[in-house]
Amino acid sequence: MSGSLLWAKAEAQRINNALDTGTANMVDAEIKLAQELQQKVRDYVRWHHQDERSQKGVSILEYGPGTVRAFQQKTLPLATELRGKASRCVLVDRSNEFLRDIEQLPAPCGLKIEFIRDDIFSGQRFFFDEEAAFVVMFGRTFGNLAASISETPPVTTVVQALKTISNSAKRCWLAISIGSDLRWDVARAYYEAHPEFQLNVFYRMKAELPVDDNFDPSAFEYEADMKGNDKFMQVIHTAIVNRDLSFNLNEESIALKSGDRLHLKNSFSFSEAFFRECANLAGLVPIDVLSDNAGSDIHVLEKAT
Ligand SMILES: C[S@@+](CC[C@H](N)C(=O)[O-])C[C@H]1O[C@@H](n2cnc3c(N)ncnc32)[C@H](O)[C@@H]1O
């Protein structure tokens, strides 16, 4: 199954679960925070009725829009709120599947949407100097930072990522969703209950890459390894090879031994104070933190001019 379909199904299940049981989860909590963001966004950009900014509008740039549902419930209301004569909505995602699904939606009235298939950390400038942009990153995508395993807080990586993202426009605000619950046992239990999300990459390798018949996706099991302190938590998504496995990838031979551990990716969470400190170091001014006080935060920042 494609990663996008896997996530769309899990997202629907979590929203229904929150409705049925009345208990919050990450998906449902973030939709509520996005609604709060929509109500406050004109204050953040100092939107005054009939002034130049409100006439031209403020563009939206989203890094990693994901599913149609996430786009419709979190991004579109913001783009509508800030729409003006010159504004656009730019969506950057590496996943063709996610972007194609959004592209097939009926065009929202008067909203110009651009689809960019690219890495979210490319550092590309998307706006002319005179355009103002509100940059969003929902779904804790920021936490998937590429960083090696470490006992120390990833200050340099976080600061560099924030600088890269804010390079997208000369004049911009950012709203970045972050996990802030630093309890290892809670995170480990959550991720280990859903190993299919991390192991799906091996099934996609089998389906999409030039691997030979010896490559067996079922030879990998999942564990969540943990690092961190009171400033950060790094969930090190790890695949463990459960038997000796030799295969060819693009005519290069690869030999894995039973027990080998492969670092797949990270999910970082950050304390509010640590993230604010990194934002300052990146030249950003913290202007608000929207929080459900249960581990989901959206940091709103402004690029210093
Ligand atoms: C955790 S999902 C979040 C999706 C959505 N924003 C939400 O709130 O549910 C991460 C999204 O970012 C995209 N993504 C992750 N890393 C990326 C990268 N390095 N470059 C481009 N897109 C990336 C994924 O394809 C996916 O759409």
# chains A, B, ... in the order shown; residues from 1 in each chain; ligands from 1

$ residues_around --residues "range 5-21 of chain A" --least-positions-apart "5" --cutoff "12 Å" --atoms "only C-alpha atoms" --output "mmCIF file with N, CA and C atoms, in the first residue's frame"
data_model
loop_
_atom_site.group_PDB
_atom_site.id
_atom_site.type_symbol
_atom_site.label_atom_id
_atom_site.label_comp_id
_atom_site.auth_asym_id
_atom_site.auth_seq_id
_atom_site.Cartn_x
_atom_site.Cartn_y
_atom_site.Cartn_z
ATOM 1 N N MET A 26 -3.560 12.801 18.419
ATOM 2 C CA MET A 26 -2.732 13.801 17.751
ATOM 3 C C MET A 26 -3.458 14.450 16.563
ATOM 4 N N VAL A 27 -4.165 13.651 15.769
ATOM 5 C CA VAL A 27 -4.808 14.173 14.552
ATOM 6 C C VAL A 27 -5.920 15.148 14.920
ATOM 7 N N ASP A 28 -6.752 14.703 15.853
ATOM 8 C CA ASP A 28 -7.902 15.508 16.235
ATOM 9 C C ASP A 28 -7.462 16.780 16.997
ATOM 10 N N ALA A 29 -6.420 16.631 17.849
ATOM 11 C CA ALA A 29 -5.922 17.793 18.609
ATOM 12 C C ALA A 29 -5.395 18.852 17.648
ATOM 13 N N GLU A 30 -4.709 18.399 16.613
ATOM 14 C CA GLU A 30 -4.102 19.379 15.721
ATOM 15 C C GLU A 30 -5.148 20.115 14.870
ATOM 16 N N ILE A 31 -6.216 19.433 14.512
ATOM 17 C CA ILE A 31 -7.281 20.117 13.754
ATOM 18 C C ILE A 31 -7.868 21.244 14.620
ATOM 19 N N LYS A 32 -8.021 20.966 15.907
ATOM 20 C CA LYS A 32 -8.558 22.010 16.798
ATOM 21 C C LYS A 32 -7.560 23.177 16.903
ATOM 22 N N GLY A 66 0.366 16.779 2.819
ATOM 23 C CA GLY A 66 -0.193 15.467 3.157
ATOM 24 C C GLY A 66 -1.539 15.222 2.516
ATOM 25 N N THR A 67 -2.485 14.716 3.302
ATOM 26 C CA THR A 67 -3.764 14.245 2.743
ATOM 27 C C THR A 67 -4.691 15.390 2.347
ATOM 28 N N VAL A 68 -5.694 15.032 1.551
ATOM 29 C CA VAL A 68 -6.754 15.974 1.175
ATOM 30 C C VAL A 68 -7.437 16.511 2.440
ATOM 31 N N ARG A 69 -7.699 15.613 3.384
ATOM 32 C CA ARG A 69 -8.395 16.025 4.593
ATOM 33 C C ARG A 69 -7.570 17.055 5.375
ATOM 34 N N ALA A 70 -6.249 16.800 5.515
ATOM 35 C CA ALA A 70 -5.389 17.750 6.250
ATOM 36 C C ALA A 70 -5.368 19.090 5.523
ATOM 37 N N PHE A 71 -5.270 19.049 4.195
ATOM 38 C CA PHE A 71 -5.259 20.293 3.414
ATOM 39 C C PHE A 71 -6.571 21.056 3.610
ATOM 40 N N GLN A 73 -8.809 20.835 6.017
ATOM 41 C CA GLN A 73 -9.180 21.242 7.371
ATOM 42 C C GLN A 73 -8.179 22.189 8.018
ATOM 43 N N SER A 95 5.941 13.886 -2.027
ATOM 44 C CA SER A 95 5.060 12.780 -2.394
ATOM 45 C C SER A 95 4.131 13.181 -3.534
ATOM 46 N N GLU A 97 1.844 11.295 -4.752
ATOM 47 C CA GLU A 97 0.484 10.803 -4.443
ATOM 48 C C GLU A 97 -0.303 11.848 -3.661
ATOM 49 N N PHE A 98 0.314 12.388 -2.604
ATOM 50 C CA PHE A 98 -0.400 13.379 -1.798
ATOM 51 C C PHE A 98 -0.764 14.605 -2.659
ATOM 52 N N ASP A 101 -3.595 14.009 -5.265
ATOM 53 C CA ASP A 101 -4.958 13.954 -4.700
ATOM 54 C C ASP A 101 -5.502 15.363 -4.458
ATOM 55 N N GLY A 139 1.202 18.633 11.256
ATOM 56 C CA GLY A 139 1.375 17.176 11.381
ATOM 57 C C GLY A 139 2.728 16.767 11.937
ATOM 58 N N HIS A 194 2.186 0.770 16.024
ATOM 59 C CA HIS A 194 1.926 0.982 14.586
ATOM 60 C C HIS A 194 3.191 0.734 13.760
ATOM 61 N N PRO A 195 3.762 -0.480 13.826
ATOM 62 C CA PRO A 195 5.029 -0.724 13.109
ATOM 63 C C PRO A 195 4.889 -0.595 11.602
ATOM 64 N N GLU A 196 3.662 -0.768 11.092
ATOM 65 C CA GLU A 196 3.478 -0.746 9.625
ATOM 66 C C GLU A 196 3.885 0.598 9.009
ATOM 67 N N PHE A 197 3.780 1.698 9.796
ATOM 68 C CA PHE A 197 4.148 3.004 9.225
ATOM 69 C C PHE A 197 5.635 3.080 8.910
ATOM 70 N N GLN A 198 6.459 2.489 9.760
ATOM 71 C CA GLN A 198 7.904 2.596 9.571
ATOM 72 C C GLN A 198 8.411 1.502 8.626
ATOM 73 N N LEU A 199 7.734 0.328 8.653
ATOM 74 C CA LEU A 199 8.234 -0.795 7.838
ATOM 75 C C LEU A 199 7.705 -0.758 6.405
ATOM 76 N N ASN A 200 6.724 0.101 6.154
ATOM 77 C CA ASN A 200 6.159 0.174 4.801
ATOM 78 C C ASN A 200 7.225 0.530 3.757
ATOM 79 N N VAL A 201 8.262 1.231 4.205
ATOM 80 C CA VAL A 201 9.328 1.636 3.275
ATOM 81 C C VAL A 201 9.949 0.423 2.573
ATOM 82 N N ARG A 204 7.654 -0.647 -0.174
ATOM 83 C CA ARG A 204 7.755 0.286 -1.304
ATOM 84 C C ARG A 204 9.068 0.076 -2.070
#

$ residues_around --residues "Ile178 in chain A" --least-positions-apart "6" --cutoff "8 Å" --atoms "only C-alpha atoms" --output "ChimeraX atom specification"
/A:139-143,269-270,296-299

$ select_by_dssp --residues "range 68-267 of chain A" --states "alpha helix (DSSP H)" --output "PyMOL selection string"
chain A and resi 68-70+76-81+96-103+155-166+184-192+195-208

$ closest_residue --among "A:Leu284, A:Ala187, A:Ala34, A:Ala86" --to "Gln55 in chain A" --atoms "only C-alpha atoms"
A:Ala86

$ residues_around --residues "Lys257 in chain A" --least-positions-apart "4" --cutoff "7 Å" --atoms "only C-alpha atoms" --output "list in words"
Val241, Arg243, Asp244 and Leu245 of chain A

$ closest_residue --among "A:Ser168, A:Asn214, A:Ser258, A:Ser148" --to "Ile240 in chain A" --atoms "only C-alpha atoms"
A:Ser258

$ atom_distance --atom1 "CA of Phe115 in chain A" --atom2 "atom 23 (C, counted along the ligand's line) of ligand 1"
13.0 Å

$ select_by_dssp --residues "range 112-225 of chain A" --states "strand (DSSP E)" --output "VMD selection string"
chain A and resid 113 to 117 132 to 137 171 to 179 220 to 225

$ residues_around --residues "Arg83 in chain A" --least-positions-apart "2" --cutoff "10 Å" --atoms "only C-alpha atoms" --output "PDB file with N, CA and C atoms, in the first residue's frame"
ATOM      1  N   SER A  54      -4.115  43.949   3.457  1.00  0.00           N
ATOM      2  CA  SER A  54      -5.365  43.192   3.353  1.00  0.00           C
ATOM      3  C   SER A  54      -5.865  43.155   1.907  1.00  0.00           C
ATOM      4  N   GLN A  55      -5.519  44.163   1.116  1.00  0.00           N
ATOM      5  CA  GLN A  55      -5.946  44.124  -0.293  1.00  0.00           C
ATOM      6  C   GLN A  55      -5.107  43.139  -1.112  1.00  0.00           C
ATOM      7  N   LYS A  56      -3.807  43.174  -0.896  1.00  0.00           N
ATOM      8  CA  LYS A  56      -2.940  42.250  -1.655  1.00  0.00           C
ATOM      9  C   LYS A  56      -3.055  40.831  -1.132  1.00  0.00           C
ATOM     10  N   GLY A  57      -3.349  40.693   0.170  1.00  0.00           N
ATOM     11  CA  GLY A  57      -3.416  39.379   0.793  1.00  0.00           C
ATOM     12  C   GLY A  57      -2.037  38.897   1.226  1.00  0.00           C
ATOM     13  N   VAL A  58      -2.040  37.810   1.963  1.00  0.00           N
ATOM     14  CA  VAL A  58      -0.791  37.166   2.389  1.00  0.00           C
ATOM     15  C   VAL A  58      -0.832  35.753   1.838  1.00  0.00           C
ATOM     16  N   SER A  59       0.243  35.353   1.167  1.00  0.00           N
ATOM     17  CA  SER A  59       0.275  34.010   0.578  1.00  0.00           C
ATOM     18  C   SER A  59       0.531  32.954   1.639  1.00  0.00           C
ATOM     19  N   ILE A  60       0.092  31.732   1.325  1.00  0.00           N
ATOM     20  CA  ILE A  60       0.365  30.591   2.209  1.00  0.00           C
ATOM     21  C   ILE A  60       1.391  29.703   1.525  1.00  0.00           C
ATOM     22  N   PRO A  77      -8.540  26.775   5.186  1.00  0.00           N
ATOM     23  CA  PRO A  77      -9.141  27.885   5.948  1.00  0.00           C
ATOM     24  C   PRO A  77      -8.176  29.047   6.149  1.00  0.00           C
ATOM     25  N   LEU A  78      -6.889  28.764   6.322  1.00  0.00           N
ATOM     26  CA  LEU A  78      -5.903  29.843   6.491  1.00  0.00           C
ATOM     27  C   LEU A  78      -5.743  30.620   5.189  1.00  0.00           C
ATOM     28  N   ALA A  79      -5.654  29.871   4.076  1.00  0.00           N
ATOM     29  CA  ALA A  79      -5.477  30.524   2.766  1.00  0.00           C
ATOM     30  C   ALA A  79      -6.684  31.406   2.467  1.00  0.00           C
ATOM     31  N   THR A  80      -7.868  30.958   2.844  1.00  0.00           N
ATOM     32  CA  THR A  80      -9.095  31.727   2.609  1.00  0.00           C
ATOM     33  C   THR A  80      -9.089  32.991   3.472  1.00  0.00           C
ATOM     34  N   GLU A  81      -8.662  32.834   4.705  1.00  0.00           N
ATOM     35  CA  GLU A  81      -8.628  33.944   5.658  1.00  0.00           C
ATOM     36  C   GLU A  81      -7.688  35.058   5.185  1.00  0.00           C
ATOM     37  N   LYS A  85      -5.868  40.098  -3.491  1.00  0.00           N
ATOM     38  CA  LYS A  85      -5.726  40.193  -4.959  1.00  0.00           C
ATOM     39  C   LYS A  85      -4.468  39.496  -5.476  1.00  0.00           C
ATOM     40  N   ALA A  86      -3.390  39.524  -4.654  1.00  0.00           N
ATOM     41  CA  ALA A  86      -2.109  39.022  -5.172  1.00  0.00           C
ATOM     42  C   ALA A  86      -1.630  37.745  -4.470  1.00  0.00           C
ATOM     43  N   SER A  87      -2.469  37.168  -3.610  1.00  0.00           N
ATOM     44  CA  SER A  87      -1.949  36.038  -2.820  1.00  0.00           C
ATOM     45  C   SER A  87      -2.048  34.712  -3.567  1.00  0.00           C
ATOM     46  N   ARG A  88      -1.195  33.754  -3.141  1.00  0.00           N
ATOM     47  CA  ARG A  88      -1.216  32.410  -3.720  1.00  0.00           C
ATOM     48  C   ARG A  88      -1.036  31.406  -2.597  1.00  0.00           C
ATOM     49  N   CYS A  89      -1.268  30.160  -2.931  1.00  0.00           N
ATOM     50  CA  CYS A  89      -1.057  29.085  -1.962  1.00  0.00           C
ATOM     51  C   CYS A  89      -0.067  28.119  -2.609  1.00  0.00           C
ATOM     52  N   GLY A 110     -11.369  31.363  -6.542  1.00  0.00           N
ATOM     53  CA  GLY A 110     -10.458  32.510  -6.503  1.00  0.00           C
ATOM     54  C   GLY A 110      -9.110  32.245  -5.848  1.00  0.00           C
ATOM     55  N   LEU A 111      -8.804  31.000  -5.515  1.00  0.00           N
ATOM     56  CA  LEU A 111      -7.525  30.737  -4.855  1.00  0.00           C
ATOM     57  C   LEU A 111      -6.547  30.112  -5.839  1.00  0.00           C
ATOM     58  N   LYS A 112      -5.388  30.758  -5.990  1.00  0.00           N
ATOM     59  CA  LYS A 112      -4.394  30.245  -6.916  1.00  0.00           C
ATOM     60  C   LYS A 112      -3.476  29.281  -6.156  1.00  0.00           C
TER      61      LYS A 112
END

$ residues_around --residues "Leu145 in chain A" --least-positions-apart "4" --cutoff "9 Å" --atoms "only C-alpha atoms" --output "list in words"
Thr141, Thr157, Val158, Ala161, Lys265, Asn266, Ser267 and Phe268 of chain A

$ write_last_selection --atoms "N, CA and C atoms" --output "short mmCIF file (atom, residue, chain, number, x, y, z; two decimals), in the first residue's frame"
data_model
loop_
_atom_site.label_atom_id
_atom_site.label_comp_id
_atom_site.auth_asym_id
_atom_site.auth_seq_id
_atom_site.Cartn_x
_atom_site.Cartn_y
_atom_site.Cartn_z
N THR A 141 5.56 17.43 11.04
CA THR A 141 6.54 17.10 9.99
C THR A 141 7.93 17.60 10.37
N THR A 157 20.99 21.46 14.20
CA THR A 157 20.07 20.94 13.17
C THR A 157 18.75 21.71 13.17
N VAL A 158 18.23 21.98 14.35
CA VAL A 158 16.94 22.69 14.44
C VAL A 158 17.10 24.12 13.93
N ALA A 161 17.46 24.12 10.18
CA ALA A 161 16.19 23.82 9.50
C ALA A 161 15.26 25.04 9.53
N LYS A 265 14.63 6.79 10.41
CA LYS A 265 14.34 8.23 10.46
C LYS A 265 14.07 8.60 11.91
N ASN A 266 13.82 9.88 12.17
CA ASN A 266 13.57 10.37 13.52
C ASN A 266 12.18 10.97 13.64
N SER A 267 11.65 10.92 14.87
CA SER A 267 10.56 11.81 15.24
C SER A 267 11.04 12.55 16.48
N PHE A 268 11.32 13.84 16.32
CA PHE A 268 11.77 14.65 17.46
C PHE A 268 10.58 15.35 18.10
#

$ residues_around --residues "Asn96 in chain A" --least-positions-apart "6" --cutoff "10 Å" --atoms "only C-alpha atoms" --output "MDAnalysis selection string"
chainID A and resid 4 115:118

$ write_last_selection --atoms "C-alpha atoms" --output "PDB file, in the first residue's frame"
ATOM      1  CA  SER A   4      -0.169   8.187   1.432  1.00  0.00           C
ATOM      2  CA  PHE A 115       2.156  22.447  -6.538  1.00  0.00           C
ATOM      3  CA  ILE A 116       5.899  21.967  -6.072  1.00  0.00           C
ATOM      4  CA  ARG A 117       7.358  18.458  -5.974  1.00  0.00           C
ATOM      5  CA  ASP A 118      10.501  19.075  -3.973  1.00  0.00           C
TER       6      ASP A 118
END

$ atom_distance --atom1 "CA of Phe128 in chain A" --atom2 "CA of Asp51 in chain A"
19.8 Å

$ closest_residue --among "A:Ala147, A:Glu36, A:Glu131, A:Ser177" --to "ligand 1" --atoms "only C-alpha atoms and all ligand atoms"
A:Ser177

$ atom_distance --atom1 "CA of Lys231 in chain A" --atom2 "CA of Phe274 in chain A"
5.6 Å

$ residues_around --residues "Ser166 in chain A" --least-positions-apart "2" --cutoff "12 Å" --atoms "only C-alpha atoms" --output "PyMOL selection string"
chain A and resi 61-63+120-127+132-137+159-164+168-176+279+282-285+301-305

$ write_last_selection --atoms "C-alpha atoms" --output "tab-separated table (two decimals), in the first residue's frame"
chain	number	residue	atom	x	y	z
A	61	LEU	CA	3.32	28.27	1.80
A	62	GLU	CA	2.84	24.79	3.19
A	63	TYR	CA	5.67	22.32	3.59
A	120	ILE	CA	10.95	20.68	2.12
A	121	PHE	CA	14.48	21.51	3.22
A	122	SER	CA	15.73	22.64	-0.20
A	123	GLY	CA	16.08	26.23	1.03
A	124	GLN	CA	14.37	27.52	-2.11
A	125	ARG	CA	12.96	31.08	-2.19
A	126	PHE	CA	9.32	30.90	-3.35
A	127	PHE	CA	8.24	34.54	-3.12
A	132	ALA	CA	4.33	38.46	2.36
A	133	ALA	CA	3.95	34.76	3.20
A	134	PHE	CA	2.56	32.73	6.07
A	135	VAL	CA	4.53	29.48	6.13
A	136	VAL	CA	2.96	26.40	7.74
A	137	MET	CA	4.20	22.96	8.65
A	159	VAL	CA	18.37	26.19	13.93
A	160	GLN	CA	19.57	25.34	10.43
A	161	ALA	CA	16.19	23.82	9.50
A	162	LEU	CA	14.36	26.93	10.75
A	163	LYS	CA	16.71	29.18	8.77
A	164	THR	CA	16.18	27.06	5.65
A	168	SER	CA	11.36	30.85	1.50
A	169	ALA	CA	10.30	34.52	1.72
A	170	LYS	CA	11.90	37.80	2.69
A	171	ARG	CA	8.87	38.77	4.77
A	172	CYS	CA	7.22	35.80	6.53
A	173	TRP	CA	5.60	34.28	9.56
A	174	LEU	CA	5.83	30.60	10.41
A	175	ALA	CA	3.44	28.21	12.17
A	176	ILE	CA	5.17	24.93	12.98
A	279	ALA	CA	13.91	30.03	16.97
A	282	ALA	CA	17.58	31.29	13.77
A	283	GLY	CA	16.60	34.96	13.69
A	284	LEU	CA	12.91	34.35	14.35
A	285	VAL	CA	10.76	36.12	16.90
A	301	LEU	CA	7.10	32.83	14.73
A	302	GLU	CA	7.95	35.93	12.76
A	303	LYS	CA	11.07	36.46	10.69
A	304	ALA	CA	12.98	39.43	12.05
A	305	THR	CA	13.29	42.15	9.41

$ closest_residue --among "A:Ile102, A:Val300, A:Leu290, A:Ile149" --to "ligand 1" --atoms "only C-alpha atoms and all ligand atoms"
A:Ile102

$ closest_residue --among "A:Gln50, A:Leu76, A:Thr23, A:Ala146" --to "ligand 1" --atoms "only C-alpha atoms and all ligand atoms"
A:Ala146
